[in-house]
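Scroll down for the structure; my scribbles are underneath it.
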Amino acid sequence: MGGVVIVLAALVSAWWFLWVPSWRPPLRVGEHYGVDVSAHQNHIDWPRVAGDGIDFAYIKASEGGDFVDRRFSENWRGAGEAGLDRGAYHFFSLCTPGVVQARNFLAVAPPDPMALAPAVDLELAGNCGERPDTAAVHAELDAFLRQVEDAWRTEVVLYVGDDFEARYGVRRCAARPLWHRRFLLRPDVDDWQIWLRPRRRRDRQGGSQPQPPGSVVAP
């Protein structure tokens, strides 16, 4: 019995460390592979990324009211020169008014008619320590969305972490395209536009290029 357990553990380990990191979901008509990146990936070899079957990239631009991702300009330029479609995203802080965050994002990522729709990242993990009530969060998020959408003239895509959704329930209320995180299985929510293939914690560390694609965009 002990030998069976060891063999099974080895197979599970091989699946987790060898197959999962490189797995890509099969595409349906109109769908494309993409990546989401920030300064955490350090310098990215964008021609290499483009040559790996990646068609688009969402690039972190800003966070809160004054933080600017230090590699946004480099990544935006590099992805564009490599021929990838590009979108910018903002990490929403629970400690800063929505209009202040919108001004920060728009200063870093002004409207670009050739770009993908802007996105906002809503998560409790990595956020500030405050936890305002639901009404206050909805009001500040709405203020952020209105200002960004007025400038960009398109709806903002929402990435809503499960922790954020459980506490604040914004997916249905916001009624906007969703960027949904689900492991191995296709999204189980309506109105999803981007599917995030979760990466293991080790995959999130720095390197010369992103790990296998974290996102699949719907038609």
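In the structure tokens, the first chain shown is A, the next is B, and so on; residue numbers restart at 1 for each chain, and ligands run from 1 in the order shown.
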Determine which residues of stretch 52-155 of chain A receive a DSSP assignment of helix (DSSP H, G or I), computed from the backbone, and state them as a ChimeraX atom specification. /A:72-81,98-108,134-152
Same residues, N, CA and C atoms, output as a compact mmCIF listing (two decimals), in the first residue's frame:
# COMPACT_ATOMS: atom_id res chain seq x y z
N PHE A 72 4.79 50.33 -16.49
CA PHE A 72 3.66 50.45 -17.40
C PHE A 72 4.07 50.98 -18.76
N SER A 73 4.78 52.09 -18.80
CA SER A 73 5.15 52.69 -20.09
C SER A 73 6.00 51.72 -20.91
N GLU A 74 6.96 51.07 -20.26
CA GLU A 74 7.82 50.10 -20.95
C GLU A 74 7.00 48.94 -21.50
N ASN A 75 6.09 48.41 -20.67
CA ASN A 75 5.28 47.27 -21.12
C ASN A 75 4.28 47.67 -22.20
N TRP A 76 3.70 48.84 -22.06
CA TRP A 76 2.73 49.32 -23.06
C TRP A 76 3.41 49.46 -24.42
N ARG A 77 4.57 50.08 -24.40
CA ARG A 77 5.31 50.28 -25.65
C ARG A 77 5.77 48.93 -26.22
N GLY A 78 6.32 48.08 -25.38
CA GLY A 78 6.84 46.81 -25.84
C GLY A 78 5.77 45.89 -26.40
N ALA A 79 4.62 45.84 -25.74
CA ALA A 79 3.52 45.00 -26.23
C ALA A 79 3.03 45.51 -27.58
N GLY A 80 2.92 46.82 -27.71
CA GLY A 80 2.46 47.39 -28.97
C GLY A 80 3.42 47.14 -30.10
N GLU A 81 4.71 47.31 -29.83
CA GLU A 81 5.72 47.08 -30.87
C GLU A 81 5.78 45.62 -31.30
N GLY A 98 -13.20 57.20 -5.24
CA GLY A 98 -13.22 56.73 -6.61
C GLY A 98 -12.78 57.76 -7.63
N VAL A 99 -13.19 59.02 -7.44
CA VAL A 99 -12.84 60.05 -8.42
C VAL A 99 -11.34 60.31 -8.42
N VAL A 100 -10.71 60.21 -7.24
CA VAL A 100 -9.26 60.41 -7.15
C VAL A 100 -8.55 59.26 -7.88
N GLN A 101 -9.05 58.05 -7.71
CA GLN A 101 -8.45 56.91 -8.39
C GLN A 101 -8.64 57.01 -9.90
N ALA A 102 -9.79 57.48 -10.33
CA ALA A 102 -10.04 57.63 -11.77
C ALA A 102 -9.07 58.64 -12.37
N ARG A 103 -8.83 59.74 -11.68
CA ARG A 103 -7.89 60.74 -12.19
C ARG A 103 -6.49 60.15 -12.31
N ASN A 104 -6.11 59.34 -11.33
CA ASN A 104 -4.78 58.70 -11.39
C ASN A 104 -4.69 57.77 -12.59
N PHE A 105 -5.69 56.92 -12.76
CA PHE A 105 -5.67 55.99 -13.88
C PHE A 105 -5.65 56.72 -15.22
N LEU A 106 -6.48 57.73 -15.37
CA LEU A 106 -6.56 58.44 -16.65
C LEU A 106 -5.30 59.23 -16.95
N ALA A 107 -4.59 59.66 -15.92
CA ALA A 107 -3.33 60.36 -16.14
C ALA A 107 -2.27 59.40 -16.69
N VAL A 108 -2.35 58.15 -16.25
CA VAL A 108 -1.38 57.14 -16.70
C VAL A 108 -1.81 56.50 -18.01
N THR A 134 -20.94 48.21 2.35
CA THR A 134 -21.24 47.90 0.95
C THR A 134 -21.70 49.13 0.17
N ALA A 135 -22.58 49.93 0.77
CA ALA A 135 -23.09 51.11 0.07
C ALA A 135 -21.97 52.07 -0.28
N ALA A 136 -21.02 52.25 0.64
CA ALA A 136 -19.91 53.17 0.38
C ALA A 136 -19.01 52.66 -0.73
N VAL A 137 -18.74 51.36 -0.73
CA VAL A 137 -17.89 50.79 -1.78
C VAL A 137 -18.57 50.90 -3.14
N HIS A 138 -19.85 50.59 -3.21
CA HIS A 138 -20.57 50.70 -4.48
C HIS A 138 -20.56 52.14 -4.98
N ALA A 139 -20.71 53.10 -4.08
CA ALA A 139 -20.73 54.50 -4.49
C ALA A 139 -19.38 54.94 -5.03
N GLU A 140 -18.30 54.55 -4.36
CA GLU A 140 -16.96 54.94 -4.82
C GLU A 140 -16.59 54.23 -6.11
N LEU A 141 -16.96 52.96 -6.23
CA LEU A 141 -16.69 52.24 -7.47
C LEU A 141 -17.48 52.86 -8.62
N ASP A 142 -18.72 53.21 -8.38
CA ASP A 142 -19.55 53.83 -9.41
C ASP A 142 -18.95 55.15 -9.86
N ALA A 143 -18.43 55.93 -8.92
CA ALA A 143 -17.79 57.21 -9.27
C ALA A 143 -16.56 56.96 -10.15
N PHE A 144 -15.78 55.96 -9.81
CA PHE A 144 -14.60 55.60 -10.62
C PHE A 144 -15.03 55.19 -12.03
N LEU A 145 -16.01 54.30 -12.11
CA LEU A 145 -16.44 53.79 -13.41
C LEU A 145 -17.02 54.89 -14.29
N ARG A 146 -17.82 55.76 -13.72
CA ARG A 146 -18.43 56.84 -14.52
C ARG A 146 -17.36 57.73 -15.13
N GLN A 147 -16.37 58.11 -14.33
CA GLN A 147 -15.35 59.03 -14.83
C GLN A 147 -14.48 58.37 -15.90
N VAL A 148 -14.10 57.12 -15.68
CA VAL A 148 -13.26 56.43 -16.67
C VAL A 148 -14.06 56.16 -17.95
N GLU A 149 -15.30 55.73 -17.80
CA GLU A 149 -16.11 55.43 -18.98
C GLU A 149 -16.49 56.68 -19.76
N ASP A 150 -16.69 57.79 -19.08
CA ASP A 150 -16.95 59.04 -19.79
C ASP A 150 -15.74 59.43 -20.64
N ALA A 151 -14.55 59.18 -20.11
CA ALA A 151 -13.34 59.54 -20.85
C ALA A 151 -13.07 58.56 -21.99
N TRP A 152 -13.19 57.27 -21.70
CA TRP A 152 -12.86 56.24 -22.69
C TRP A 152 -14.02 55.94 -23.64
Using only C-alpha atoms for the distances, tell me which of A:Ile59, A:Ala88, A:Leu122, A:Val156 is nearest to A:His40. A:Ile59
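The space between atom CA of A:Val160 and atom CA of A:Asp190 spans 13.3 Å.
Proximity to A:Tyr89 was assessed for A:Val29, A:Val157, A:Val189, A:Ala125 counting only C-alpha atoms; the smallest distance is recorded for A:Val157.
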Would you pick out the contacts of A:Leu158 at 8 Å or less, using only C-alpha atoms, so that residues sharing its chain but fewer than 3 positions from it are not included, and give the list as a VMD selection string? chain A and resid 119 to 122 171 176 to 179
Just write the chosen residues, N, CA and C atoms, as a compact mmCIF listing (two decimals), in the first residue's frame.
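Output saved as out.txt:
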# COMPACT_ATOMS: atom_id res chain seq x y z
N ALA A 119 -9.75 48.09 -17.65
CA ALA A 119 -10.25 47.14 -16.67
C ALA A 119 -9.91 47.64 -15.27
N VAL A 120 -10.70 47.17 -14.28
CA VAL A 120 -10.43 47.49 -12.89
C VAL A 120 -10.37 46.19 -12.10
N ASP A 121 -9.36 46.09 -11.25
CA ASP A 121 -9.09 44.90 -10.44
C ASP A 121 -9.65 45.13 -9.04
N LEU A 122 -10.64 44.31 -8.66
CA LEU A 122 -11.31 44.45 -7.37
C LEU A 122 -11.00 43.22 -6.51
N ARG A 171 -20.81 42.06 -8.83
CA ARG A 171 -20.92 41.54 -10.20
C ARG A 171 -22.27 41.88 -10.83
N ARG A 176 -21.58 44.98 -15.88
CA ARG A 176 -20.55 45.26 -16.89
C ARG A 176 -19.84 43.97 -17.27
N PRO A 177 -19.09 44.00 -18.38
CA PRO A 177 -18.35 42.79 -18.77
C PRO A 177 -17.42 42.33 -17.65
N LEU A 178 -17.31 41.01 -17.50
CA LEU A 178 -16.53 40.45 -16.40
C LEU A 178 -15.25 39.76 -16.89
N TRP A 179 -14.23 39.89 -16.08
CA TRP A 179 -12.97 39.17 -16.23
C TRP A 179 -12.98 38.16 -15.09
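Among the candidate residues A:Glu123, A:Asp69, A:Asp112, A:Glu130, the one lying nearest to A:Thr96 is A:Glu130, with distances computed using only C-alpha atoms.
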Run DSSP on the backbone of this structure and report the residues of stretch 19-203 of chain A it assigns to strand (DSSP E or B), as a PyMOL selection string. chain A and resi 32-37+56-63+67-68+85-91+119-122+157-160+178-181+192-196
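If you count only C-alpha atoms and ignore residues fewer than 2 places along the chain from A:Arg167, what sits within 10 Å of it is Leu124, Arg131, Asp133, Thr134, Asp162, Asp163, Phe164, Glu165, Gly169 and Val170 of chain A.
Atom CA of A:Gln193 to atom CA of A:His180 spans 7.9 Å [interatomic distance, one decimal].
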